[in-house]
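This report concerns only the one structure given below.
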Amino acid sequence: MNDLDIVVISGAGQGIGKAVALELGRCGVYVLCISRTKNCQATAAEIATAGGKAEAMILNIGQVERTKALLSAWIGPKSYKRIGLVLAAGILGPHNFGDLVGWEECYRVNVLGNVAVYSGLLPKMLGNNFGRIVGFAGGGAAYAYPLFPAYAASKAAMVRTIENIQADLNDKGDFAAICLAPGANETQMLQEIRAAGAEVKTIVNIGEPVRFVREFLFCRDCGFKGAFVHVRDNWRDYLNNGRKIGDEVWKLRRIGL
């Protein structure tokens with residue numbers, strides 16, 4: 001059951017971020033769609049056309065101080081009590097280790113930018129003693145991915161960032177943060193990955209990660225907060241007073257392999 005007042009989504013202009021935004025809009029959630037381009041406005045308009053409620057914020061989250069300040073100013077006067085956050089924005093970055101400017105941009109967007117969105121909303125969430133936070137892993141978060149080394153490194157960092165966010169929020173209220181490996185979905189990013197020469201063996205319908213995000217955001221008592229979960233894991237057993245996290249859930253720290 002949806003009892004969220006709002007969900008803020010970075011990267012809502014395309015890909016998984018857009019798909020999640022549209023689904024939450026259909027569920028009656030008010031959605032703030034954030035993207036670097038006007039695509040977020042199209043996403044918000046599509047939600048409204050379907051009968052939902054949304055607004056758009058064009059924002060380059062790589063400008064981290066500005067991002068934090070704008071989100072803080074935006075949420076400050078709002079009366080939202082139950083806030084969800086989906087950190088879906090990301091770029092692929094360079095194909096090699098020589099383009100350090102590209103590496104810096106990739107990390108600044110994929111990690112620091114998403115952390116800036118979270119940081120801007122954090123005081124309000126702490127004041128409400130509530131938050132649901134979803135981050136995204138990706139190719140290379142759990143294994144070597146030399147074709148996109150900066151992206152892989154940033155996604156591994158995002159996994160640990162979510163773990164630390166949850167650890168920081170423990171005992172501060174009803175908080176749950178998760179990092180999802182969504183599998184390879186047919187998005188514009190996947191087209192870019194193929195164009196770079198990568199072999200993609202298994203495709204996951206984008207509806208699978210969208211379903212995970214929806215059910216996680218709406219869960220009352222999540223048993224796997226702070227974890228790194230693959231969309232094909234048996235995650236439903238851990239929602240809404242189900243089992244608590246154990247060795248069955250895939251985490252970044254894997255022992256005995």
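In the structure tokens, the first chain shown is A, the next is B, and so on; residue numbers restart at 1 for each chain, and ligands run from 1 in the order shown.
Here the strand (DSSP E or B) residues in region 39-121 of chain A, by DSSP on the backbone, are A:Ala54, A:Glu55, A:Ala56, A:Met57, A:Ile58, A:Ile83, A:Gly84, A:Leu85, A:Val86, A:Leu87.
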Discussion item. Applying 6 Å and only C-alpha atoms, which residues near Gly138 (chain A) remain after dropping the ones on its own chain fewer than 2 positions away? List them as a list in words.
Written reply: Ala141, Lys155 and Ala181 of chain A
Kindly save the residues from that selection, with C-alpha atoms included, as a PDB file, in the first residue's frame.
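Okay, part08.pdb is ready:
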```
ATOM      1  CA  ALA A 141      29.926  -3.205  -9.084  1.00  0.00           C
ATOM      2  CA  LYS A 155      28.958   1.815  -9.005  1.00  0.00           C
ATOM      3  CA  ALA A 181      21.630  -4.348  -9.252  1.00  0.00           C
TER       4      ALA A 181
END
```
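Every protein or nucleic acid residue with an atom no more than 10 Å from Gln166 (chain A), counting only C-alpha atoms and leaving out same-chain residues fewer than 6 positions away, appears here: A:Ile133, A:Arg160, A:Phe175, A:Ala176, A:Ala177, A:Ile178, A:Lys225, A:Gly226, A:Ala227.
Those residues that approach Ala48 (chain A) to within 9 Å, counting only C-alpha atoms, are Gly25, Ala54 and Glu55 of chain A; same-chain residues fewer than 6 positions away are not listed.
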Can you write out the residues you just picked, keeping N, CA and C atoms, as an mmCIF file, in the first residue's frame?
```cif
data_model
loop_
_atom_site.group_PDB
_atom_site.id
_atom_site.type_symbol
_atom_site.label_atom_id
_atom_site.label_comp_id
_atom_site.auth_asym_id
_atom_site.auth_seq_id
_atom_site.Cartn_x
_atom_site.Cartn_y
_atom_site.Cartn_z
ATOM 1 N N GLY A 25 3.907 7.322 -10.418
ATOM 2 C CA GLY A 25 2.818 8.232 -10.755
ATOM 3 C C GLY A 25 1.508 7.487 -10.909
ATOM 4 N N ALA A 54 2.987 15.350 -10.609
ATOM 5 C CA ALA A 54 4.447 15.398 -10.663
ATOM 6 C C ALA A 54 4.903 16.804 -10.989
ATOM 7 N N GLU A 55 6.146 17.075 -10.668
ATOM 8 C CA GLU A 55 6.800 18.298 -11.122
ATOM 9 C C GLU A 55 8.213 17.952 -11.552
#
```
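In terms of minimum interatomic distance to Val109 (chain A), A:Gly90 ranks closest within A:Phe228, A:Gly90, A:Cys40, A:Arg26, counting only C-alpha atoms.
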Fill in: Selection: 12 Å around Val117 (chain A), only C-alpha atoms, excl. self and same-chain fewer than 5 positions, as a count of residues only
40
Practice prompt. Tell me, as JSON, numbers by chain, which residues lie within 8 Å of Phe216 (chain A), counting only C-alpha atoms; anything in the same chain fewer than 4 positions away does not count.
Written response: {"A": [132, 212, 222, 239]}
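Restricting the calculation to only C-alpha atoms, the smallest distance between Tyr80 (chain A) and any of A:Gly113, A:Gly52, A:Gly131, A:Pro94 is found for A:Gly131.
Picture a line from CA of Ile165 (chain A) to CA of Met125 (chain A); it runs 12.7 Å.
Among the candidate residues A:Lys53, A:His95, A:Lys38, A:Arg236, the one lying nearest to Ala21 (chain A) is A:Lys53, with distances computed using only C-alpha atoms.
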Worksheet item: Which parts of region 4-213 of chain A does DSSP call helix (DSSP H, G or I) when run on the backbone here, written out as a PyMOL selection string?
Response: chain A and resi 15-26+39-49+64-75+100-128+149-169+188-195+207-213
